[in-house]
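Colleague: So I've got this file, protein_11.tsv, and it contains TSV, C-alpha atoms:
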chain	number	residue	atom	x	y	z
A	1	MET	CA	32.04	-3.63	-16.63
A	2	TRP	CA	31.44	-3.69	-12.88
A	3	LYS	CA	35.12	-3.01	-12.04
A	4	TRP	CA	34.38	0.51	-10.75
A	5	LEU	CA	32.04	-1.00	-8.17
A	6	HIS	CA	34.54	-3.44	-6.70
A	7	PRO	CA	36.40	-1.05	-4.34
A	8	TYR	CA	33.08	-0.37	-2.53
A	9	ALA	CA	32.96	-3.97	-1.36
A	10	LYS	CA	35.50	-2.80	1.22
A	11	PRO	CA	33.60	-1.54	4.28
A	12	GLU	CA	35.80	1.55	4.73
A	13	ARG	CA	35.19	2.76	1.16
A	14	SER	CA	31.42	2.30	1.49
A	15	TYR	CA	31.48	3.99	4.89
A	16	GLN	CA	33.27	6.99	3.34
A	17	LEU	CA	30.81	7.17	0.44
A	18	ALA	CA	27.85	7.00	2.85
A	19	SER	CA	29.36	9.78	4.96
A	20	THR	CA	29.79	12.00	1.89
A	21	LEU	CA	26.22	11.42	0.71
A	22	LEU	CA	24.51	11.79	4.09
A	23	PRO	CA	24.43	15.64	4.41
A	24	TRP	CA	23.07	16.03	0.85
A	25	PHE	CA	20.19	13.63	1.44
A	26	THR	CA	19.45	15.13	4.87
A	27	ILE	CA	19.32	18.75	3.69
A	28	SER	CA	17.38	18.03	0.49
A	29	SER	CA	14.83	15.84	2.30
A	30	ILE	CA	14.16	18.56	4.89
A	31	ILE	CA	13.68	21.21	2.18
A	32	VAL	CA	11.50	19.04	-0.07
A	33	LEU	CA	9.35	17.80	2.85
A	34	ILE	CA	8.75	21.34	4.16
A	35	ILE	CA	7.64	22.50	0.69
A	36	GLY	CA	5.48	19.39	0.17
A	37	VAL	CA	3.81	19.36	3.59
A	38	VAL	CA	3.03	23.10	3.66
A	39	TRP	CA	1.65	22.97	0.11
A	40	ALA	CA	-0.38	19.83	0.86
A	41	LEU	CA	-1.88	20.99	4.15
A	42	ALA	CA	-2.35	24.70	3.50
A	43	PHE	CA	-2.60	25.37	-0.23
A	44	ALA	CA	-3.91	22.27	-2.01
A	45	PRO	CA	-7.67	22.53	-2.74
A	46	VAL	CA	-10.23	20.52	-0.73
A	47	ASP	CA	-11.94	17.44	-2.16
A	48	ILE	CA	-15.63	18.08	-2.87
A	49	TYR	CA	-16.83	14.99	-0.98
A	50	GLN	CA	-14.19	14.35	1.66
A	51	LYS	CA	-13.46	18.04	2.34
A	52	ASP	CA	-10.28	18.52	4.36
A	53	TYR	CA	-9.77	15.05	5.76
A	54	TYR	CA	-8.66	13.65	2.38
A	55	ARG	CA	-5.35	15.48	3.11
A	56	ILE	CA	-4.16	12.50	5.12
A	57	ILE	CA	-3.43	11.00	1.67
A	58	TYR	CA	-0.29	13.18	1.64
A	59	ILE	CA	1.16	11.05	4.46
A	60	HIS	CA	-0.66	7.77	3.85
A	61	VAL	CA	0.28	7.23	0.19
A	62	PRO	CA	4.01	8.08	0.45
A	63	ALA	CA	4.38	5.90	3.56
A	64	ALA	CA	2.50	2.97	2.02
A	65	THR	CA	4.16	3.14	-1.41
A	66	LEU	CA	7.66	3.56	-0.06
A	67	SER	CA	7.28	0.85	2.60
A	68	MET	CA	6.94	-1.54	-0.35
A	69	SER	CA	9.84	0.11	-2.20
A	70	VAL	CA	12.02	-0.28	0.89
A	71	TYR	CA	11.02	-3.94	1.00
A	72	MET	CA	12.08	-4.44	-2.63
A	73	ALA	CA	15.38	-2.62	-1.96
A	74	MET	CA	15.91	-4.86	1.07
A	75	ALA	CA	15.06	-7.98	-0.94
A	76	SER	CA	17.51	-6.94	-3.70
A	77	ALA	CA	20.27	-6.37	-1.14
A	78	THR	CA	19.50	-9.77	0.41
A	79	PHE	CA	19.57	-11.43	-3.01
A	80	ILE	CA	22.99	-9.94	-3.77
A	81	GLY	CA	24.19	-10.84	-0.29
A	82	MET	CA	23.10	-14.44	-0.73
A	83	VAL	CA	24.48	-15.05	-4.22
A	84	TRP	CA	27.73	-13.06	-4.02
A	85	GLN	CA	28.12	-13.40	-0.22
A	86	LEU	CA	28.76	-9.70	0.26
A	87	LYS	CA	28.68	-8.85	3.96
A	88	LEU	CA	27.94	-5.21	3.16
A	89	SER	CA	24.66	-5.99	1.47
A	90	ASP	CA	23.62	-7.97	4.55
A	91	ALA	CA	24.38	-4.83	6.55
A	92	ALA	CA	22.29	-2.76	4.11
A	93	ALA	CA	19.33	-5.14	4.43
A	94	ALA	CA	19.60	-5.08	8.24
A	95	ALA	CA	19.73	-1.28	8.12
A	96	MET	CA	16.55	-0.97	6.05
A	97	ALA	CA	14.25	-3.42	7.88
A	98	PRO	CA	13.24	-1.19	10.86
A	99	ILE	CA	12.70	1.79	8.52
A	100	GLY	CA	10.32	-0.25	6.39
A	101	ALA	CA	8.51	-1.56	9.46
A	102	THR	CA	8.03	2.02	10.73
A	103	LEU	CA	6.64	3.18	7.36
A	104	THR	CA	4.27	0.22	7.30
A	105	THR	CA	3.01	1.13	10.78
A	106	ILE	CA	2.54	4.76	9.73
A	107	ALA	CA	0.53	3.69	6.67
A	108	LEU	CA	-1.66	1.33	8.73
A	109	VAL	CA	-2.36	3.95	11.41
A	110	THR	CA	-3.07	6.80	8.97
A	111	GLY	CA	-5.25	4.41	6.96
A	112	ALA	CA	-7.28	3.54	10.06
A	113	ILE	CA	-7.66	7.23	10.93
A	114	TRP	CA	-8.77	7.98	7.37
A	115	GLY	CA	-11.12	4.99	7.19
A	116	ALA	CA	-13.05	5.92	10.34
A	117	PRO	CA	-14.82	8.97	8.86
A	118	SER	CA	-14.83	8.05	5.15
A	119	TRP	CA	-15.64	4.33	5.11
A	120	GLY	CA	-17.38	4.25	8.47
A	121	THR	CA	-14.88	1.74	9.90
A	122	SER	CA	-11.17	1.84	10.68
A	123	TRP	CA	-10.49	-1.79	9.84
A	124	VAL	CA	-11.97	-4.35	7.50
A	125	TRP	CA	-10.49	-7.71	6.50
A	126	ASP	CA	-10.34	-7.06	2.79
A	127	ALA	CA	-7.53	-8.27	0.52
A	128	ARG	CA	-5.56	-5.01	0.49
A	129	LEU	CA	-5.63	-4.33	4.22
A	130	THR	CA	-4.95	-7.95	5.18
A	131	SER	CA	-2.03	-8.43	2.78
A	132	TYR	CA	-0.59	-5.13	3.98
A	133	LEU	CA	-0.88	-6.20	7.63
A	134	ILE	CA	1.04	-9.36	6.65
A	135	LEU	CA	3.80	-7.09	5.30
A	136	LEU	CA	4.15	-5.59	8.79
A	137	PHE	CA	4.40	-9.07	10.32
A	138	ILE	CA	7.04	-10.08	7.74
A	139	TYR	CA	9.06	-6.98	8.60
A	140	LEU	CA	8.81	-7.75	12.32
A	141	GLY	CA	9.82	-11.37	11.65
A	142	ILE	CA	12.89	-10.25	9.68
A	143	ILE	CA	13.95	-7.86	12.46
A	144	ALA	CA	13.44	-10.61	15.07
A	145	LEU	CA	15.53	-13.11	13.08
A	146	GLN	CA	18.30	-10.58	12.52
A	147	ASN	CA	18.58	-10.17	16.28
A	148	ALA	CA	18.04	-13.82	17.21
A	149	PHE	CA	21.60	-14.97	16.46
A	150	GLU	CA	24.92	-13.84	17.91
A	151	ASP	CA	26.64	-14.69	14.63
A	152	LYS	CA	25.76	-12.00	12.05
A	153	VAL	CA	26.38	-14.29	9.05
A	154	LEU	CA	23.94	-16.87	10.39
A	155	ALA	CA	21.42	-14.16	11.33
A	156	SER	CA	21.55	-12.63	7.85
A	157	ARG	CA	21.05	-16.01	6.23
A	158	ALA	CA	17.98	-16.82	8.36
A	159	ALA	CA	16.46	-13.36	7.91
A	160	GLY	CA	17.39	-13.44	4.21
A	161	ILE	CA	15.31	-16.53	3.47
A	162	LEU	CA	12.26	-14.87	5.08
A	163	THR	CA	12.97	-11.67	3.12
A	164	ILE	CA	13.14	-13.53	-0.21
A	165	VAL	CA	10.00	-15.57	0.49
A	166	GLY	CA	8.15	-12.49	1.78
A	167	ALA	CA	8.86	-10.61	-1.46
A	168	VAL	CA	6.02	-12.66	-3.00
A	169	ASN	CA	3.63	-10.57	-0.89
A	170	ILE	CA	4.57	-7.28	-2.60
A	171	PRO	CA	2.82	-7.90	-5.96
A	172	ILE	CA	-0.14	-9.33	-4.02
A	173	ILE	CA	-0.48	-6.06	-2.09
A	174	LYS	CA	-0.08	-4.00	-5.25
A	175	TYR	CA	-2.66	-5.87	-7.35
A	176	SER	CA	-5.05	-6.89	-4.53
A	177	VAL	CA	-7.35	-3.98	-5.39
A	178	GLU	CA	-7.58	-5.17	-9.00
A	179	TRP	CA	-7.81	-8.93	-8.49
A	180	TRP	CA	-10.50	-8.93	-5.81
A	181	ASN	CA	-13.41	-6.83	-4.60
A	182	THR	CA	-11.98	-4.72	-1.82
A	183	LEU	CA	-13.21	-1.82	0.28
A	184	HIS	CA	-9.91	-0.07	-0.39
A	185	GLN	CA	-9.95	2.03	-3.56
A	186	GLY	CA	-7.63	1.51	-6.52
A	187	ALA	CA	-4.41	3.41	-7.14
A	188	THR	CA	-4.69	7.17	-7.68
A	189	ILE	CA	-1.29	7.57	-9.31
A	190	SER	CA	-0.26	4.99	-11.85
A	191	LYS	CA	2.62	4.99	-14.29
A	192	PHE	CA	0.59	4.28	-17.40
A	193	GLU	CA	-2.66	6.12	-16.81
A	194	GLN	CA	-3.82	9.64	-16.20
A	195	PRO	CA	-3.80	10.27	-12.43
A	196	SER	CA	-7.28	10.52	-10.89
A	197	MET	CA	-6.75	13.92	-9.32
A	198	GLY	CA	-6.16	17.47	-10.55
A	199	ASP	CA	-2.65	18.88	-10.94
A	200	ASP	CA	-3.02	21.22	-7.95
A	201	MET	CA	-3.65	18.15	-5.74
A	202	LEU	CA	-1.18	15.88	-7.53
A	203	TYR	CA	1.97	18.04	-7.36
A	204	PRO	CA	2.16	18.23	-3.55
A	205	LEU	CA	1.58	14.45	-3.42
A	206	LEU	CA	4.47	13.83	-5.84
A	207	ILE	CA	6.68	16.27	-3.90
A	208	ASN	CA	5.86	14.50	-0.65
A	209	LEU	CA	6.58	11.15	-2.26
A	210	PHE	CA	9.98	12.43	-3.37
A	211	GLY	CA	10.62	14.03	0.06
A	212	PHE	CA	9.77	10.79	1.85
A	213	ALA	CA	12.14	8.93	-0.49
A	214	LEU	CA	14.99	11.33	0.30
A	215	MET	CA	14.26	11.06	4.05
A	216	ILE	CA	14.28	7.26	3.84
A	217	ALA	CA	17.59	7.40	1.95
A	218	ALA	CA	19.09	9.62	4.68
A	219	LEU	CA	17.81	7.37	7.49
A	220	SER	CA	19.04	4.25	5.65
A	221	ILE	CA	22.50	5.78	5.31
A	222	VAL	CA	22.66	6.61	9.03
A	223	ARG	CA	21.62	3.07	9.97
A	224	PHE	CA	23.90	1.52	7.32
A	225	ARG	CA	26.91	3.36	8.78
A	226	ASN	CA	26.04	2.13	12.26
A	227	GLU	CA	25.59	-1.44	11.01
A	228	VAL	CA	28.99	-1.36	9.25
A	229	LEU	CA	30.71	0.03	12.35
A	230	ALA	CA	29.05	-2.53	14.63
A	231	ARG	CA	29.94	-5.46	12.36
A	232	ASP	CA	33.53	-4.28	11.89
A	233	SER	CA	34.07	-3.01	15.43
A	234	MET	CA	37.21	-5.14	15.93
A	235	ARG	CA	38.82	-4.13	12.62
A	236	PRO	CA	41.75	-1.68	12.56
A	237	TRP	CA	40.02	0.90	10.32
A	238	VAL	CA	37.21	1.34	12.83
A	239	LYS	CA	39.70	1.65	15.70
A	240	GLU	CA	41.57	4.33	13.73
A	241	LEU	CA	38.31	6.13	13.06
A	242	VAL	CA	37.38	6.05	16.74
A	243	ALA	CA	40.85	7.26	17.75
A	244	LYS	CA	40.53	10.14	15.28
A	245	GLU	CA	37.05	11.09	16.55
A	246	CYS	CA	38.10	11.00	20.19
A	247	LYS	CA	41.01	13.35	19.74
R	1	MET	CA	30.27	-16.53	-12.60
R	2	ASN	CA	32.04	-19.26	-10.70
R	3	PRO	CA	30.23	-22.57	-10.04
R	4	ARG	CA	29.57	-21.88	-6.33
R	5	ARG	CA	27.88	-18.59	-7.11
R	6	LYS	CA	25.90	-20.25	-9.86
R	7	GLN	CA	24.73	-22.87	-7.40
R	8	ARG	CA	23.69	-20.26	-4.84
R	9	LEU	CA	21.88	-18.30	-7.55
R	10	ALA	CA	19.98	-21.45	-8.50
R	11	ILE	CA	19.04	-22.09	-4.85
R	12	VAL	CA	17.79	-18.54	-4.27
R	13	CYS	CA	15.84	-18.51	-7.55
R	14	SER	CA	14.21	-21.84	-6.73
R	15	ILE	CA	13.17	-20.49	-3.30
R	16	ILE	CA	11.51	-17.49	-5.00
R	17	LEU	CA	9.80	-19.60	-7.66
R	18	GLY	CA	8.71	-22.26	-5.17
R	19	ALA	CA	7.27	-19.76	-2.70
R	20	GLY	CA	5.63	-17.81	-5.52
R	21	GLY	CA	4.10	-20.96	-6.97
R	22	ILE	CA	2.74	-22.19	-3.64
R	23	ILE	CA	1.24	-18.84	-2.67
R	24	GLY	CA	-0.14	-18.33	-6.19
R	25	LEU	CA	-1.94	-21.69	-6.06
R	26	VAL	CA	-3.30	-21.00	-2.56
R	27	LEU	CA	-4.64	-17.62	-3.64
R	28	TYR	CA	-6.12	-19.13	-6.79
R	29	ALA	CA	-7.89	-21.79	-4.74
R	30	LEU	CA	-9.17	-19.25	-2.23
R	31	SER	CA	-9.91	-16.50	-4.74
R	32	GLN	CA	-13.68	-16.71	-4.26
R	33	ASN	CA	-13.39	-16.32	-0.51
R	34	ILE	CA	-10.97	-13.39	-0.70
R	35	ASP	CA	-13.56	-11.13	-2.32
R	36	LEU	CA	-14.86	-8.80	0.34
R	37	PHE	CA	-18.39	-8.65	-1.04
R	38	TYR	CA	-20.93	-9.98	-3.51
R	39	MET	CA	-22.06	-7.70	-6.30
R	40	PRO	CA	-25.84	-7.49	-6.87
R	41	HIS	CA	-25.76	-9.70	-9.98
R	42	GLU	CA	-23.74	-12.29	-8.02
R	43	VAL	CA	-26.42	-12.36	-5.30
R	44	VAL	CA	-29.14	-12.96	-7.87
R	45	HIS	CA	-27.35	-15.27	-10.34
R	46	GLY	CA	-24.50	-16.73	-8.29
R	47	LYS	CA	-20.75	-16.10	-8.36
R	48	ASP	CA	-19.00	-16.48	-11.70
R	49	ASP	CA	-17.61	-20.03	-11.95
R	50	ASN	CA	-19.78	-22.52	-10.11
R	51	LYS	CA	-22.87	-20.28	-9.75
R	52	VAL	CA	-23.09	-20.67	-5.97
R	53	LYS	CA	-25.92	-18.45	-4.81
R	54	PRO	CA	-26.11	-17.14	-1.25
R	55	PHE	CA	-29.00	-18.80	0.63
R	56	ILE	CA	-31.76	-16.93	2.46
R	57	GLY	CA	-30.57	-16.02	5.94
R	58	GLN	CA	-26.90	-16.23	5.00
R	59	ARG	CA	-24.67	-13.53	6.38
R	60	ILE	CA	-23.24	-11.70	3.35
R	61	LYS	CA	-21.58	-8.52	2.31
R	62	VAL	CA	-22.98	-6.91	-0.78
R	63	GLY	CA	-21.44	-3.97	-2.63
R	64	GLY	CA	-22.76	-1.67	-5.34
R	65	MET	CA	-23.76	1.86	-6.25
R	66	VAL	CA	-26.60	3.63	-4.43
R	67	LYS	CA	-29.35	4.23	-7.00
R	68	VAL	CA	-30.08	7.91	-7.41
R	69	GLY	CA	-33.33	8.86	-5.66
R	70	SER	CA	-33.85	5.45	-4.04
R	71	VAL	CA	-32.95	6.43	-0.47
R	72	LYS	CA	-36.06	6.36	1.77
R	73	ARG	CA	-35.76	7.54	5.35
R	74	ASN	CA	-38.28	7.27	8.19
R	75	ASN	CA	-39.13	10.53	9.86
R	76	ASP	CA	-39.29	9.26	13.45
R	77	ASP	CA	-36.43	6.74	13.63
R	78	LEU	CA	-33.10	5.90	11.99
R	79	LYS	CA	-34.52	3.25	9.64
R	80	VAL	CA	-33.43	3.74	6.05
R	81	SER	CA	-33.77	1.72	2.89
R	82	PHE	CA	-32.10	2.16	-0.48
R	83	VAL	CA	-31.39	0.30	-3.71
R	84	ILE	CA	-27.88	-0.63	-4.81
R	85	PHE	CA	-27.15	-1.67	-8.36
R	86	ASP	CA	-24.41	-2.88	-10.67
R	87	LYS	CA	-24.42	-3.38	-14.43
R	88	THR	CA	-27.34	-5.82	-14.51
R	89	GLU	CA	-29.13	-6.24	-11.16
R	90	GLU	CA	-30.54	-4.31	-8.22
R	91	ILE	CA	-30.73	-5.21	-4.53
R	92	THR	CA	-32.68	-3.46	-1.77
R	93	VAL	CA	-30.83	-2.78	1.47
R	94	THR	CA	-32.58	-1.95	4.73
R	95	TYR	CA	-30.58	-0.54	7.60
R	96	GLU	CA	-31.07	1.07	10.99
R	97	GLY	CA	-28.33	3.37	12.22
R	98	LEU	CA	-25.99	6.14	11.20
R	99	LEU	CA	-24.74	6.10	7.63
R	100	PRO	CA	-21.11	7.02	6.92
R	101	ASP	CA	-20.18	10.56	6.03
R	102	LEU	CA	-19.64	9.80	2.34
R	103	PHE	CA	-23.01	8.06	1.85
R	104	ARG	CA	-24.90	9.77	-0.97
R	105	ASP	CA	-26.66	9.02	-4.27
R	106	GLY	CA	-24.31	7.30	-6.69
R	107	GLN	CA	-21.79	6.37	-3.95
R	108	ALA	CA	-20.28	2.87	-3.99
R	109	ILE	CA	-21.07	1.18	-0.67
R	110	VAL	CA	-20.58	-2.18	1.02
R	111	ALA	CA	-23.44	-3.40	3.23
R	112	ASN	CA	-22.79	-6.17	5.76
R	113	GLY	CA	-25.87	-8.11	6.84
R	114	ASN	CA	-28.30	-10.98	6.29
R	115	LEU	CA	-30.07	-11.92	3.10
R	116	VAL	CA	-33.76	-11.90	4.11
R	117	SER	CA	-35.25	-12.55	0.67
R	118	PRO	CA	-33.58	-13.12	-2.73
R	119	ARG	CA	-33.23	-9.40	-3.37
R	120	VAL	CA	-33.35	-7.83	0.09
R	121	VAL	CA	-30.45	-7.49	2.51
R	122	LYS	CA	-31.02	-6.43	6.12
R	123	ALA	CA	-27.75	-4.67	6.88
R	124	SER	CA	-26.13	-4.34	10.27
R	125	GLU	CA	-23.30	-2.20	8.93
R	126	VAL	CA	-22.98	0.09	5.92
R	127	LEU	CA	-19.52	1.15	4.71
R	128	ALA	CA	-18.77	3.73	2.04
R	129	LYS	CA	-16.31	2.55	-0.60
R	130	HIS	CA	-14.82	5.79	-1.82
R	131	ASP	CA	-13.02	5.61	-5.15
R	132	GLU	CA	-9.60	6.85	-6.16
R	133	GLN	CA	-10.96	10.09	-7.64
R	134	TYR	CA	-10.25	13.31	-5.80
R	135	THR	CA	-11.84	16.44	-7.19
R	136	SER	CA	-11.27	20.04	-6.24
R	137	PRO	CA	-14.27	22.43	-6.28
R	138	GLU	CA	-12.96	24.23	-9.38
R	139	ILE	CA	-12.67	21.02	-11.40
R	140	ALA	CA	-16.11	19.88	-10.19
R	141	GLU	CA	-17.54	23.19	-11.37
R	142	ALA	CA	-15.84	22.87	-14.77
R	143	MET	CA	-17.08	19.29	-15.16
R	144	LYS	CA	-20.62	20.31	-14.27
R	145	LYS	CA	-20.59	22.98	-16.98
R	146	GLN	CA	-19.34	20.51	-19.54
R	147	TYR	CA	-21.97	18.00	-18.46
R	148	LEU	CA	-24.77	20.56	-18.83
R	149	SER	CA	-23.60	21.64	-22.29
R	150	ASP	CA	-23.30	18.03	-23.44
R	151	SER	CA	-26.49	16.61	-21.95
R	152	THR	CA	-26.58	13.40	-24.01
R	153	GLU	CA	-23.65	12.01	-22.07
R	154	LYS	CA	-24.43	10.63	-18.63
R	155	PRO	CA	-21.82	10.55	-15.88
R	156	ALA	CA	-20.14	7.15	-15.91
R	157	TYR	CA	-20.21	5.12	-12.73
R	158	ASN	CA	-17.24	2.83	-12.60
R	159	TYR	CA	-16.00	0.44	-9.97
Would you mind writing the file's structure down as structure tokens?

Modeller:
Amino acid sequence: MWKWLHPYAKPERSYQLASTLLPWFTISSIIVLIIGVVWALAFAPVDIYQKDYYRIIYIHVPAATLSMSVYMAMASATFIGMVWQLKLSDAAAAAMAPIGATLTTIALVTGAIWGAPSWGTSWVWDARLTSYLILLFIYLGIIALQNAFEDKVLASRAAGILTIVGAVNIPIIKYSVEWWNTLHQGATISKFEQPSMGDDMLYPLLINLFGFALMIAALSIVRFRNEVLARDSMRPWVKELVAKECK
Amino acid sequence: MNPRRKQRLAIVCSIILGAGGIIGLVLYALSQNIDLFYMPHEVVHGKDDNKVKPFIGQRIKVGGMVKVGSVKRNNDDLKVSFVIFDKTEEITVTYEGLLPDLFRDGQAIVANGNLVSPRVVKASEVLAKHDEQYTSPEIAEAMKKQYLSDSTEKPAYNY
């Protein structure tokens, strides 16, 4: 059943696939993000209470949602890397960690900027904000562990255990607004319920969400290629590749 | 799956379950302290399980909806008092300072301060807890029309 997947366990095949996919993700993410951002900032209607400053939702929500998605992708890659001992999935996890950490920082900063006028404070130690700050620390811990060892196999194992344990935090972040009284509001878009905003506000948000996802995919591919090259730098296929590029 | 993979799968799964179990128990034990604020009925009757009431002078955070028409301002200083309510109880909040931009009748707020008498909180900080609803002027207009035509139905305040 999984036979078609087996050739991609070879680094050179995965590198080739990543190189083929990269331009598509790059171009589509640029197009989708331009449409989404222009629509969100210039054409979407204002909110009756928050007026124009609610528009920061168009950056805050995609960054926050996808930082957790990136974490789950990273945890899945780590899980596969640990059970099947695939070096490539360790490389994928190492490629995604800094991207997730950056998204988490963006969400925290935009949240603080948004909170200052609307809540009257930029930070409060409620369940949502605190658990989300812990996500940033987990990301930073994973990145630190990945760089703490010379041996990549050892580094991936150490960082992998933290990644797997830290995955417990993701449902806590997601449901914190339902389980406890928090200052942070509940989810605006949910899979099973009617979204709490009109279509003319919702569409640019969904487009931005999709655009952010494409951008993250493109960035992950770039970093994944670099990781593979760095880990295989002594292998003949990389040397051939370098020789071909230098000509 | 070969036995070595099976063993590794078991190890990884037990790490996940173990960590999940530990953190779940910790959160369950701490769940009362994780709540950011008391709701008015919790101030008056105590929090759900063991009915622990906040004592007079305790520093607490209390959250609820601002009662329509209850906001009283002083003309010559920044002192303001208002009533917040939930499904069953009401609490009076007194405050001196600037209120957040979103503060208005019917807004959910969190007041941080001292309990001066069983139903009065002297707040040192008032935060607006905006909800997940975002409404464009057109939709607000349409809703208002519907509300006026169907006057038996009151707007629902929900947390």

Colleague: If I take CA of Ile59 (chain A) and CA of Ala40 (chain A), how far is one from the other in Å, to one decimal?

Modeller: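 Distance reported for this atom pair: 9.6 Å.
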
Colleague: Once you count all atoms listed in the file, which residues of chain A turn out to be within 9 Å of chain R? Could you give them as number ranges by chain?

Modeller: A: 44-50, 54, 79, 82-85, 116-121, 124-127, 161, 164-169, 179-189, 195-198, 200-201

Colleague: Residues within 12 Å of Asn114 (chain R), please, as a list of chain:residue names. Count only C-alpha atoms; anything in the same chain fewer than 4 positions from it doesn't count.

Modeller: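 Residues meeting the cut-off are R:Val43, R:Pro54, R:Phe55, R:Ile56, R:Gly57, R:Gln58, R:Arg59, R:Ile60, R:Lys61, R:Val62, R:Thr92, R:Val93, R:Thr94, R:Tyr95, R:Pro118, R:Arg119, R:Val120, R:Val121, R:Lys122, R:Ala123, R:Ser124, R:Glu125.
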
Colleague: Let's have the selection written as a CSV table (one decimal), in the coordinates of the input, with C-alpha atoms.

Modeller:
chain,number,residue,atom,x,y,z
R,43,VAL,CA,-26.4,-12.4,-5.3
R,54,PRO,CA,-26.1,-17.1,-1.2
R,55,PHE,CA,-29.0,-18.8,0.6
R,56,ILE,CA,-31.8,-16.9,2.5
R,57,GLY,CA,-30.6,-16.0,5.9
R,58,GLN,CA,-26.9,-16.2,5.0
R,59,ARG,CA,-24.7,-13.5,6.4
R,60,ILE,CA,-23.2,-11.7,3.4
R,61,LYS,CA,-21.6,-8.5,2.3
R,62,VAL,CA,-23.0,-6.9,-0.8
R,92,THR,CA,-32.7,-3.5,-1.8
R,93,VAL,CA,-30.8,-2.8,1.5
R,94,THR,CA,-32.6,-2.0,4.7
R,95,TYR,CA,-30.6,-0.5,7.6
R,118,PRO,CA,-33.6,-13.1,-2.7
R,119,ARG,CA,-33.2,-9.4,-3.4
R,120,VAL,CA,-33.4,-7.8,0.1
R,121,VAL,CA,-30.4,-7.5,2.5
R,122,LYS,CA,-31.0,-6.4,6.1
R,123,ALA,CA,-27.8,-4.7,6.9
R,124,SER,CA,-26.1,-4.3,10.3
R,125,GLU,CA,-23.3,-2.2,8.9

Colleague: Quick one: residues within 12 Å of (21.4, 7.8, 8.8) (file frame), counting all atoms listed in the file, please, as an MDAnalysis selection string.

Modeller: chainID A and resid 15 18:26 92 95:96 99 214:228

Colleague: With distances taken over all atoms listed in the file, which residue among A:Met74, A:Thr163, A:Tyr175, A:Tyr58 lies nearest Gly100 (chain A)?

Modeller: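 Ranking A:Met74, A:Thr163, A:Tyr175, A:Tyr58 by distance to Gly100 (chain A), first place goes to A:Met74.
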
Colleague: Pick the closest to Lys87 (chain A) from A:Asn147, A:Ser156, A:Gln16, A:Ser176: which is it, counting only C-alpha atoms?

Modeller: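 Smallest separation from Lys87 (chain A) among the options: A:Ser156.
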
Colleague: To one decimal in Å, tell me the separation between CA of Pro98 (chain A) and CA of Ile138 (chain A).

Modeller: 11.3 Å
